[in-house]
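This is data.txt. It holds compact mmCIF, C-alpha atoms (C1' of nucleotides).
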```
# COMPACT_ATOMS: atom_id res chain seq x y z
CA MET A 1 -20.60 -63.29 -37.98
CA THR A 2 -24.00 -62.17 -36.76
CA PRO A 3 -24.27 -58.64 -35.37
CA PRO A 4 -25.50 -58.23 -31.81
CA ILE A 5 -29.24 -57.87 -31.46
CA SER A 6 -28.94 -54.32 -30.19
CA ARG A 7 -27.16 -53.36 -33.37
CA THR A 8 -29.80 -54.89 -35.58
CA ARG A 9 -32.42 -53.19 -33.48
CA ALA A 10 -30.85 -49.77 -33.86
CA ASP A 11 -30.40 -50.25 -37.59
CA PHE A 12 -33.96 -51.39 -38.02
CA ILE A 13 -35.31 -48.41 -36.13
CA ALA A 14 -33.28 -46.04 -38.26
CA TYR A 15 -34.38 -47.83 -41.40
CA MET A 16 -38.03 -47.58 -40.49
CA GLY A 17 -37.59 -43.89 -39.85
CA GLN A 18 -36.37 -43.39 -43.38
CA ALA A 19 -38.78 -45.81 -45.01
CA LEU A 20 -41.86 -44.27 -43.47
CA GLU A 21 -40.57 -40.78 -44.04
CA ALA A 22 -40.55 -41.63 -47.74
CA GLN A 23 -44.24 -42.42 -47.37
CA GLY A 24 -45.18 -39.15 -45.84
CA LEU A 25 -44.80 -39.73 -42.12
CA PRO A 26 -42.52 -37.55 -40.02
CA PRO A 27 -39.23 -39.34 -39.39
CA ILE A 28 -39.71 -39.61 -35.66
CA ALA A 29 -43.06 -41.28 -36.17
CA GLY A 30 -41.34 -43.90 -38.28
CA ARG A 31 -38.71 -44.53 -35.65
CA MET A 32 -41.30 -44.79 -32.92
CA LEU A 33 -43.19 -47.36 -34.92
CA GLY A 34 -40.01 -49.25 -35.69
CA LEU A 35 -39.07 -49.38 -32.04
CA LEU A 36 -42.51 -50.59 -31.00
CA ILE A 37 -42.62 -53.23 -33.70
CA PHE A 38 -39.18 -54.52 -32.81
CA ASP A 39 -39.79 -54.68 -29.10
CA GLY A 40 -43.31 -56.01 -29.43
CA ALA A 41 -44.19 -54.75 -25.96
CA PRO A 42 -45.68 -51.55 -24.59
CA ARG A 43 -43.17 -48.78 -24.00
CA SER A 44 -43.73 -45.75 -21.86
CA PHE A 45 -43.91 -42.19 -23.11
CA SER A 46 -40.66 -41.15 -21.47
CA ASP A 47 -38.89 -44.35 -22.48
CA LEU A 48 -39.55 -43.39 -26.06
CA ALA A 49 -38.26 -39.87 -25.56
CA THR A 50 -35.13 -41.19 -23.87
CA GLU A 51 -34.38 -43.98 -26.28
CA LEU A 52 -34.97 -42.02 -29.44
CA GLU A 53 -33.27 -38.98 -27.92
CA VAL A 54 -35.99 -36.58 -28.92
CA SER A 55 -38.00 -34.03 -26.98
CA ARG A 56 -41.17 -34.96 -25.15
CA GLY A 57 -42.98 -32.52 -27.38
CA SER A 58 -42.05 -34.61 -30.38
CA ILE A 59 -43.23 -37.81 -28.75
CA SER A 60 -46.49 -36.15 -27.93
CA ALA A 61 -47.05 -34.87 -31.46
CA ASN A 62 -45.97 -38.00 -33.25
CA ALA A 63 -47.85 -40.31 -30.93
CA ARG A 64 -51.00 -38.37 -31.65
CA HIS A 65 -50.26 -38.72 -35.31
CA LEU A 66 -49.81 -42.48 -35.13
CA LEU A 67 -52.80 -42.89 -32.84
CA SER A 68 -55.03 -41.03 -35.26
CA ARG A 69 -53.95 -43.39 -37.99
CA GLY A 70 -54.70 -46.39 -35.85
CA ALA A 71 -51.13 -47.61 -36.10
CA ILE A 72 -50.50 -47.65 -32.36
CA VAL A 73 -52.64 -47.76 -29.24
CA LYS A 74 -52.29 -46.06 -25.88
CA GLN A 75 -52.47 -48.03 -22.66
CA ASN A 76 -53.02 -46.72 -19.19
CA ARG A 77 -52.41 -48.71 -16.07
CA PRO A 78 -54.01 -48.34 -12.69
CA GLY A 79 -51.64 -46.69 -10.26
CA ASP A 80 -49.34 -45.53 -13.03
CA ARG A 81 -49.77 -42.12 -14.51
CA GLN A 82 -47.58 -42.80 -17.51
CA ASP A 83 -48.89 -43.46 -20.99
CA TYR A 84 -47.75 -46.64 -22.67
CA PHE A 85 -47.82 -47.28 -26.39
CA CYS A 86 -47.69 -50.40 -28.46
CA VAL A 87 -48.43 -51.34 -32.02
CA ALA A 88 -52.10 -51.85 -32.65
CA GLU A 89 -53.33 -55.39 -33.09
CA GLN A 90 -54.15 -54.72 -36.70
CA SER A 91 -51.68 -51.93 -37.21
CA LEU A 92 -50.79 -52.99 -40.71
CA ASP A 93 -54.41 -53.57 -41.63
CA GLN A 94 -55.13 -50.00 -40.63
CA ILE A 95 -52.44 -48.69 -42.91
CA LEU A 96 -53.87 -50.61 -45.83
CA ILE A 97 -57.41 -49.61 -45.03
CA GLU A 98 -56.42 -46.00 -45.04
CA LEU A 99 -54.50 -46.40 -48.26
CA ILE A 100 -57.49 -48.00 -49.91
CA ALA A 101 -59.70 -45.18 -48.73
CA ARG A 102 -57.35 -42.57 -50.12
CA MET A 103 -57.14 -44.22 -53.49
CA THR A 104 -60.85 -44.78 -53.71
CA ALA A 105 -61.44 -41.15 -52.87
CA THR A 106 -59.02 -40.06 -55.57
CA SER A 107 -60.71 -42.32 -58.07
CA GLU A 108 -64.07 -40.84 -57.26
CA SER A 109 -62.83 -37.28 -57.38
CA VAL A 110 -61.34 -37.82 -60.78
CA ARG A 111 -64.49 -39.48 -62.00
CA GLY A 112 -66.38 -36.46 -60.77
CA PHE A 113 -64.25 -34.23 -62.96
CA ALA A 114 -64.76 -36.57 -65.87
CA GLU A 115 -68.51 -36.54 -65.53
CA ALA A 116 -68.59 -32.78 -65.55
CA LEU A 117 -67.43 -33.00 -69.15
CA PRO A 118 -69.58 -33.64 -72.23
CA SER A 119 -69.22 -37.16 -73.51
CA GLU A 120 -67.71 -36.06 -76.80
CA GLU A 121 -64.75 -34.51 -75.01
CA GLY A 122 -61.64 -36.64 -75.35
CA ALA A 123 -60.61 -35.45 -71.92
CA ARG A 124 -63.55 -37.27 -70.44
CA ARG A 125 -62.27 -40.58 -71.69
CA ARG A 126 -58.79 -39.86 -70.39
CA LEU A 127 -60.00 -38.85 -66.95
CA CYS A 128 -62.14 -41.96 -66.76
CA GLY A 129 -59.02 -43.96 -67.53
CA LEU A 130 -57.27 -42.27 -64.65
CA ALA A 131 -60.19 -42.97 -62.34
CA ASP A 132 -60.07 -46.62 -63.39
CA PHE A 133 -56.40 -46.63 -62.61
CA TYR A 134 -56.92 -45.54 -59.03
CA ALA A 135 -59.84 -47.91 -58.65
CA ALA A 136 -57.68 -50.78 -59.86
CA MET A 137 -54.99 -49.91 -57.34
CA ALA A 138 -57.53 -49.80 -54.57
CA GLY A 139 -58.74 -53.19 -55.70
CA GLY A 140 -55.25 -54.63 -55.73
CA VAL A 141 -54.52 -53.40 -52.25
CA THR A 142 -57.85 -54.77 -51.07
CA GLN A 143 -56.81 -58.18 -52.27
CA ALA A 144 -53.51 -57.86 -50.49
CA LEU A 145 -55.39 -56.99 -47.34
CA GLN A 146 -57.61 -60.05 -47.61
CA ARG A 147 -54.64 -62.29 -48.24
CA LEU A 148 -52.89 -60.96 -45.15
CA ARG A 149 -55.97 -61.32 -43.03
CA GLN A 150 -56.55 -64.93 -43.81
CA ARG A 151 -52.91 -65.80 -43.31
CA CYS A 152 -52.78 -64.48 -39.75
CA MET B 153 -75.93 -26.57 -64.76
CA THR B 154 -72.63 -27.93 -66.08
CA PRO B 155 -69.55 -25.79 -65.54
CA PRO B 156 -67.66 -24.66 -68.62
CA ILE B 157 -64.92 -27.03 -69.74
CA SER B 158 -62.22 -24.49 -68.97
CA ARG B 159 -63.39 -24.39 -65.39
CA THR B 160 -63.33 -28.15 -64.99
CA ARG B 161 -59.94 -28.18 -66.61
CA ALA B 162 -58.52 -25.62 -64.20
CA ASP B 163 -60.00 -27.43 -61.23
CA PHE B 164 -58.66 -30.76 -62.37
CA ILE B 165 -55.17 -29.37 -62.85
CA ALA B 166 -55.22 -27.87 -59.37
CA TYR B 167 -56.55 -31.11 -57.93
CA MET B 168 -53.82 -33.16 -59.54
CA GLY B 169 -51.24 -30.78 -58.17
CA GLN B 170 -52.44 -31.47 -54.67
CA ALA B 171 -53.05 -35.17 -55.15
CA LEU B 172 -49.61 -35.90 -56.53
CA GLU B 173 -47.98 -33.61 -54.02
CA ALA B 174 -49.42 -35.90 -51.35
CA GLN B 175 -47.57 -38.72 -53.05
CA GLY B 176 -44.20 -37.08 -52.98
CA LEU B 177 -44.06 -35.16 -56.24
CA PRO B 178 -43.42 -31.43 -56.30
CA PRO B 179 -46.70 -29.57 -56.78
CA ILE B 180 -45.78 -28.13 -60.15
CA ALA B 181 -44.97 -31.58 -61.45
CA GLY B 182 -48.46 -32.67 -60.50
CA ARG B 183 -50.03 -29.73 -62.26
CA MET B 184 -47.97 -30.33 -65.36
CA LEU B 185 -49.09 -33.92 -65.47
CA GLY B 186 -52.69 -32.93 -64.88
CA LEU B 187 -52.56 -30.45 -67.73
CA LEU B 188 -51.02 -32.96 -70.10
CA ILE B 189 -53.49 -35.66 -69.17
CA PHE B 190 -56.43 -33.34 -69.62
CA ASP B 191 -55.35 -31.98 -72.95
CA GLY B 192 -54.14 -35.32 -74.25
CA ALA B 193 -51.89 -33.60 -76.77
CA PRO B 194 -48.27 -32.46 -76.74
CA ARG B 195 -47.74 -29.04 -75.22
CA SER B 196 -44.69 -26.90 -75.68
CA PHE B 197 -42.24 -25.97 -72.97
CA SER B 198 -43.21 -22.30 -72.98
CA ASP B 199 -46.90 -23.07 -73.19
CA LEU B 200 -46.55 -24.92 -69.93
CA ALA B 201 -44.68 -22.05 -68.29
CA THR B 202 -47.29 -19.58 -69.49
CA GLU B 203 -50.36 -21.60 -68.63
CA LEU B 204 -49.21 -22.69 -65.20
CA GLU B 205 -47.73 -19.26 -64.52
CA VAL B 206 -44.44 -20.57 -63.27
CA SER B 207 -40.87 -19.82 -64.20
CA ARG B 208 -39.13 -21.62 -67.04
CA GLY B 209 -36.65 -22.87 -64.49
CA SER B 210 -39.43 -24.74 -62.75
CA ILE B 211 -40.68 -26.28 -65.97
CA SER B 212 -37.18 -27.41 -66.76
CA ALA B 213 -36.64 -29.02 -63.35
CA ASN B 214 -40.03 -30.63 -63.09
CA ALA B 215 -40.02 -31.89 -66.64
CA ARG B 216 -36.72 -33.60 -65.96
CA HIS B 217 -38.26 -35.10 -62.86
CA LEU B 218 -41.27 -36.47 -64.70
CA LEU B 219 -39.15 -37.65 -67.60
CA SER B 220 -36.88 -39.59 -65.29
CA ARG B 221 -39.90 -41.32 -63.85
CA GLY B 222 -41.16 -42.21 -67.27
CA ALA B 223 -44.40 -40.34 -66.71
CA ILE B 224 -44.02 -38.02 -69.68
CA VAL B 225 -42.05 -38.04 -72.91
CA LYS B 226 -40.30 -35.26 -74.79
CA GLN B 227 -40.93 -34.70 -78.46
CA ASN B 228 -38.88 -32.68 -80.88
CA ARG B 229 -40.07 -31.62 -84.28
CA PRO B 230 -38.02 -30.85 -87.34
CA GLY B 231 -37.85 -27.15 -87.94
CA ASP B 232 -39.02 -26.33 -84.42
CA ARG B 233 -36.58 -25.74 -81.66
CA GLN B 234 -39.13 -26.06 -78.89
CA ASP B 235 -39.51 -29.09 -76.70
CA TYR B 236 -42.95 -30.63 -76.54
CA PHE B 237 -44.17 -32.89 -73.76
CA CYS B 238 -47.00 -35.34 -73.50
CA VAL B 239 -47.97 -38.14 -71.16
CA ALA B 240 -46.12 -41.33 -71.84
CA GLU B 241 -48.01 -44.16 -73.45
CA GLN B 242 -47.72 -46.26 -70.32
CA SER B 243 -47.43 -43.43 -67.89
CA LEU B 244 -49.59 -45.08 -65.28
CA ASP B 245 -47.91 -48.43 -65.73
CA GLN B 246 -44.63 -46.77 -64.93
CA ILE B 247 -45.97 -45.40 -61.71
CA LEU B 248 -47.15 -48.82 -60.62
CA ILE B 249 -43.95 -50.51 -61.67
CA GLU B 250 -41.96 -48.10 -59.58
CA LEU B 251 -44.28 -48.55 -56.64
CA ILE B 252 -43.94 -52.31 -56.83
CA ALA B 253 -40.18 -52.01 -56.93
CA ARG B 254 -40.15 -49.80 -53.85
CA MET B 255 -42.34 -52.12 -51.85
CA THR B 256 -40.44 -55.19 -52.89
CA ALA B 257 -37.21 -53.52 -51.87
CA THR B 258 -38.66 -52.61 -48.50
CA SER B 259 -39.87 -56.14 -47.97
CA GLU B 260 -36.45 -57.52 -48.70
CA SER B 261 -34.69 -55.01 -46.49
CA VAL B 262 -36.93 -55.85 -43.59
CA ARG B 263 -36.43 -59.55 -44.17
CA GLY B 264 -32.72 -58.91 -44.08
CA PHE B 265 -33.05 -57.40 -40.63
CA ALA B 266 -35.20 -60.31 -39.52
CA GLU B 267 -32.69 -62.88 -40.65
CA ALA B 268 -29.93 -61.19 -38.73
CA LEU B 269 -31.79 -62.22 -35.58
CA PRO B 270 -31.70 -65.61 -33.86
CA SER B 271 -34.84 -67.61 -34.51
CA GLU B 272 -35.87 -67.62 -30.88
CA GLU B 273 -36.16 -63.82 -30.87
CA GLY B 274 -39.76 -62.70 -30.95
CA ALA B 275 -38.65 -59.69 -32.95
CA ARG B 276 -37.69 -61.99 -35.77
CA ARG B 277 -41.24 -63.19 -36.15
CA ARG B 278 -42.59 -59.67 -36.06
CA LEU B 279 -40.17 -58.39 -38.67
CA CYS B 280 -40.99 -61.33 -40.91
CA GLY B 281 -44.63 -60.35 -40.58
CA LEU B 282 -43.76 -56.86 -41.70
CA ALA B 283 -41.79 -58.19 -44.64
CA ASP B 284 -44.77 -60.32 -45.60
CA PHE B 285 -46.92 -57.25 -45.38
CA TYR B 286 -44.86 -55.35 -47.91
CA ALA B 287 -44.62 -58.40 -50.12
CA ALA B 288 -48.38 -58.77 -50.08
CA MET B 289 -48.83 -55.14 -51.06
CA ALA B 290 -46.39 -55.53 -53.91
CA GLY B 291 -48.38 -58.57 -55.01
CA GLY B 292 -51.65 -56.71 -54.85
CA VAL B 293 -50.35 -53.84 -56.92
CA THR B 294 -48.90 -56.30 -59.41
CA GLN B 295 -52.34 -57.76 -59.88
CA ALA B 296 -53.79 -54.30 -60.37
CA LEU B 297 -51.16 -53.66 -62.99
CA GLN B 298 -52.02 -56.82 -64.88
CA ARG B 299 -55.69 -56.06 -64.75
CA LEU B 300 -55.10 -52.59 -66.17
CA ARG B 301 -52.85 -53.89 -68.89
CA GLN B 302 -55.28 -56.39 -70.21
CA ARG B 303 -58.13 -53.93 -70.16
CA CYS B 304 -56.39 -51.38 -72.38
C1' DG C 305 -22.24 -10.43 -87.24
C1' DG C 306 -26.34 -8.98 -84.35
C1' DG C 307 -30.65 -10.46 -82.42
C1' DA C 308 -34.38 -13.24 -80.92
C1' DA C 309 -35.96 -17.55 -79.01
C1' DT C 310 -35.03 -21.70 -76.38
C1' DG C 311 -33.71 -24.66 -72.47
C1' DT C 312 -30.39 -25.18 -68.52
C1' DT C 313 -28.07 -23.85 -64.41
C1' DC C 314 -27.40 -21.88 -60.07
C1' DA C 315 -27.49 -18.64 -56.32
C1' DG C 316 -30.84 -16.56 -53.56
C1' DT C 317 -35.49 -16.42 -51.63
C1' DT C 318 -39.62 -18.33 -49.94
C1' DT C 319 -42.28 -21.77 -48.09
C1' DT C 320 -43.27 -25.69 -45.66
C1' DG C 321 -42.76 -28.91 -42.08
C1' DA C 322 -40.38 -31.00 -38.25
C1' DT C 323 -38.26 -30.32 -33.94
C1' DT C 324 -37.14 -28.15 -29.75
C1' DG C 325 -37.74 -26.24 -25.20
C1' DA C 326 -40.02 -23.49 -21.99
C1' DA C 327 -44.46 -22.62 -19.93
C1' DC C 328 -48.54 -24.59 -18.51
C1' DG C 329 -52.24 -27.61 -16.32
C1' DC C 330 -53.17 -31.55 -13.93
C1' DA C 331 -52.84 -35.31 -10.63
C1' DG C 332 -50.67 -37.76 -6.85
C1' DA C 333 -47.42 -37.87 -3.19
C1' DT C 334 -45.16 -35.70 0.96
C1' DA D 335 -49.87 -26.32 0.68
C1' DT D 336 -46.05 -27.66 -1.83
C1' DC D 337 -43.56 -30.52 -4.73
C1' DT D 338 -42.69 -33.76 -8.30
C1' DG D 339 -43.66 -36.24 -12.48
C1' DC D 340 -46.41 -36.48 -16.53
C1' DG D 341 -48.31 -34.98 -21.03
C1' DT D 342 -49.76 -30.97 -23.88
C1' DT D 343 -49.22 -26.65 -26.16
C1' DC D 344 -47.10 -23.08 -28.59
C1' DA D 345 -43.74 -19.79 -30.09
C1' DA D 346 -39.21 -19.94 -31.92
C1' DT D 347 -35.68 -22.37 -34.46
C1' DC D 348 -33.93 -25.25 -37.95
C1' DA D 349 -33.70 -27.85 -42.12
C1' DA D 350 -35.20 -29.30 -46.42
C1' DA D 351 -37.51 -28.47 -50.60
C1' DA D 352 -39.55 -25.78 -54.10
C1' DC D 353 -39.52 -21.87 -56.75
C1' DT D 354 -37.76 -17.73 -58.98
C1' DG D 355 -35.08 -14.96 -61.96
C1' DA D 356 -30.95 -13.65 -63.95
C1' DA D 357 -26.98 -15.30 -66.42
C1' DC D 358 -25.59 -18.38 -69.75
C1' DA D 359 -24.94 -21.40 -73.97
C1' DT D 360 -26.92 -22.77 -78.12
C1' DT D 361 -29.38 -22.42 -82.32
C1' DC D 362 -31.77 -20.27 -85.77
C1' DC D 363 -33.04 -16.23 -88.51
C1' DC D 364 -32.29 -11.81 -90.59
```

Written as structure tokens, that's how I'd like the structure from this file.
Amino acid sequence: MTPPISRTRADFIAYMGQALEAQGLPPIAGRMLGLLIFDGAPRSFSDLATELEVSRGSISANARHLLSRGAIVKQNRPGDRQDYFCVAEQSLDQILIELIARMTATSESVRGFAEALPSEEGARRRLCGLADFYAAMAGGVTQALQRLRQRC
Amino acid sequence: MTPPISRTRADFIAYMGQALEAQGLPPIAGRMLGLLIFDGAPRSFSDLATELEVSRGSISANARHLLSRGAIVKQNRPGDRQDYFCVAEQSLDQILIELIARMTATSESVRGFAEALPSEEGARRRLCGLADFYAAMAGGVTQALQRLRQRC
DNA sequence: GGGAATGTTCAGTTTTGATTGAACGCAGAT
DNA sequence: ATCTGCGTTCAATCAAAACTGAACATTCCC
């Protein structure tokens, strides 16, 4: 017994809201992204407000948030004053790229702390280990990114 | 002109507080972990409260948090009623293992949504792509984990 | 038995962040 | 000129989370 598509859609949108909230995005941003991914077509600003039952102010703020991360893009059409949004071509790439950047930055910061210490300090070795850890994660995610790119 | 070790130490602890806060941990948990990593030796419960200038209640709560994640371990010594904490042997491994589990779970959840849809639905293809995305990330982090393990 | 030290718990406070909704500016349409 | 629809902004509200501090139970020491 397969559920109706609309039900799956609603569940997916709610799920994405929670999943992305756990990764630091505001919940509405997650739901917006879920909706856009599911529908796979541009949706208008007010459509989003209506469908998600949130204020226009929230759409405005969260759209800006997602736009700045490169996860979605804004479209404008001649003769239509509305803004339309859809998932960016390489939306997922962008997320990974940003993640890699964050981890690389952390690695470098930690290495900076390490190198401010004399080499005989045990702490220096430990901080270097931590820096290596973040570098390794960045490397792993980079590989994932390459794998995804060549598949699509 | 190298800063004194104590200064680097304080800065590192503060930095870790912020860095791990950005990844969902409470700030004090991040600072505790930073302190323990820097010092590389067991520190007592009250030492932590004193040094971080936070209440014992906070140490208790955050220590439990870090313990449950396997990031730190508690030591008890004969003839000493205090609890001592230090970073777990495979503290970083644990973090990666948990991350992999989360991403794998997300991938599977999303695939579940996809498979509830008829194959002619475009949404099904898109959700499968998202599931692949999370799977690829989990794979990348798994590789990072293996690389780290064999290095140490 | 007191008394001091230790970790936990929990109610209350503070802080932080998300969300709303009204006010606003702008651009087309009437 | 006025009106309507659109998106932004911002002050106020709300909710969730972290943190504190006092009360408590336990253990050890005198």

Identify, on the basis of all atoms listed in the file, every residue whose closest approach to DA331 of chain C does not exceed 10 Å; exclude the query and any residue fewer than 5 positions from it along the same chain; express the result as a PyMOL selection string. (chain A and resi 81) or (chain D and resi 339-340)

In terms of the shortest atom-to-atom distance over only C-alpha atoms (C1' of nucleotides), which of B:Ala215, B:Val293, B:Val225, B:Val262 is closest to chain C?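 The shortest atom-to-atom distance to chain C comes from B:Ala215.
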
Just need the box for segment 122-128 of chain A, edges along x, y and z, holding every atom the file lists for it with 3 Å tacked onto each side, so centre and edge lengths in Å to one decimal, as AutoDock Vina command-line options.
```
--center_x -61.2 --center_y -38.7 --center_z -71.1 --size_x 10.8 --size_y 12.5 --size_z 14.6
```

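Note that atom CA of Leu187 of chain B and atom CA of Glu241 of chain B are 15.5 Å apart.
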
Can you check which residues of chain D have any atom within 9 Å of chain B? Use all atoms listed in the file and format it as a VMD selection string. chain D and resid 351 to 355 361 to 362

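Within 8 Å of chain B, and counting all atoms listed in the file, chain C contributes C:DT310, C:DG311, C:DT312.
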
Close residues, DC328 of chain C itself excluded, 12 Å, only C-alpha atoms (C1' of nucleotides), min 4 positions apart in chain, as a PDB file with C-alpha atoms (C1' of nucleotides), in the coordinates of the input:
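Saved file part.pdb follows:
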```pdb
ATOM      1  C1'  DG D 341     -48.310 -34.980 -21.030  1.00  0.00           C
ATOM      2  C1'  DT D 342     -49.760 -30.970 -23.880  1.00  0.00           C
ATOM      3  C1'  DT D 343     -49.220 -26.650 -26.160  1.00  0.00           C
ATOM      4  C1'  DC D 344     -47.100 -23.080 -28.590  1.00  0.00           C
TER       5       DC D 344
END
```

Write out as CSV a residue-level contact list of chain B versus chain A with cut-off 6 Å: for each qualifying residue the closest pair of atoms and the distance in Å to one decimal, counting all atoms listed in the file, rows sorted by chain and residue number upward.
```
residue,atom,partner,partner_atom,distance
B:Phe190,CA,A:Ala123,CA,5.2
B:Ala275,CA,A:Phe38,CA,5.2
B:Ala288,CA,A:Ala144,CA,5.2
B:Met289,CA,A:Ala144,CA,5.4
B:Gly292,CA,A:Gly140,CA,4.2
B:Val293,CA,A:Gly140,CA,5.1
B:Gln295,CA,A:Gly140,CA,6.0
B:Ala296,CA,A:Gly140,CA,4.9
```

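Interatomic distance, atom C1' of DC358 of chain D to atom C1' of DA315 of chain C: 13.6 Å.
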
One decimal, in Å: what's the spacing between atom CA of Ala71 of chain A and atom CA of Leu99 of chain A? 12.7 Å

Write out as an NGL selection string the residues lying within 12 Å of DA333 of chain C, counting all atoms listed in the file and excluding same-chain residues fewer than 4 positions away. :D and (336-339)

Using all atoms listed in the file, which of the listed residues (C:DC314, C:DC330, C:DA322, C:DA309) sits closest to DA357 of chain D?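 Selected residue with least distance to DA357 of chain D: C:DC314.
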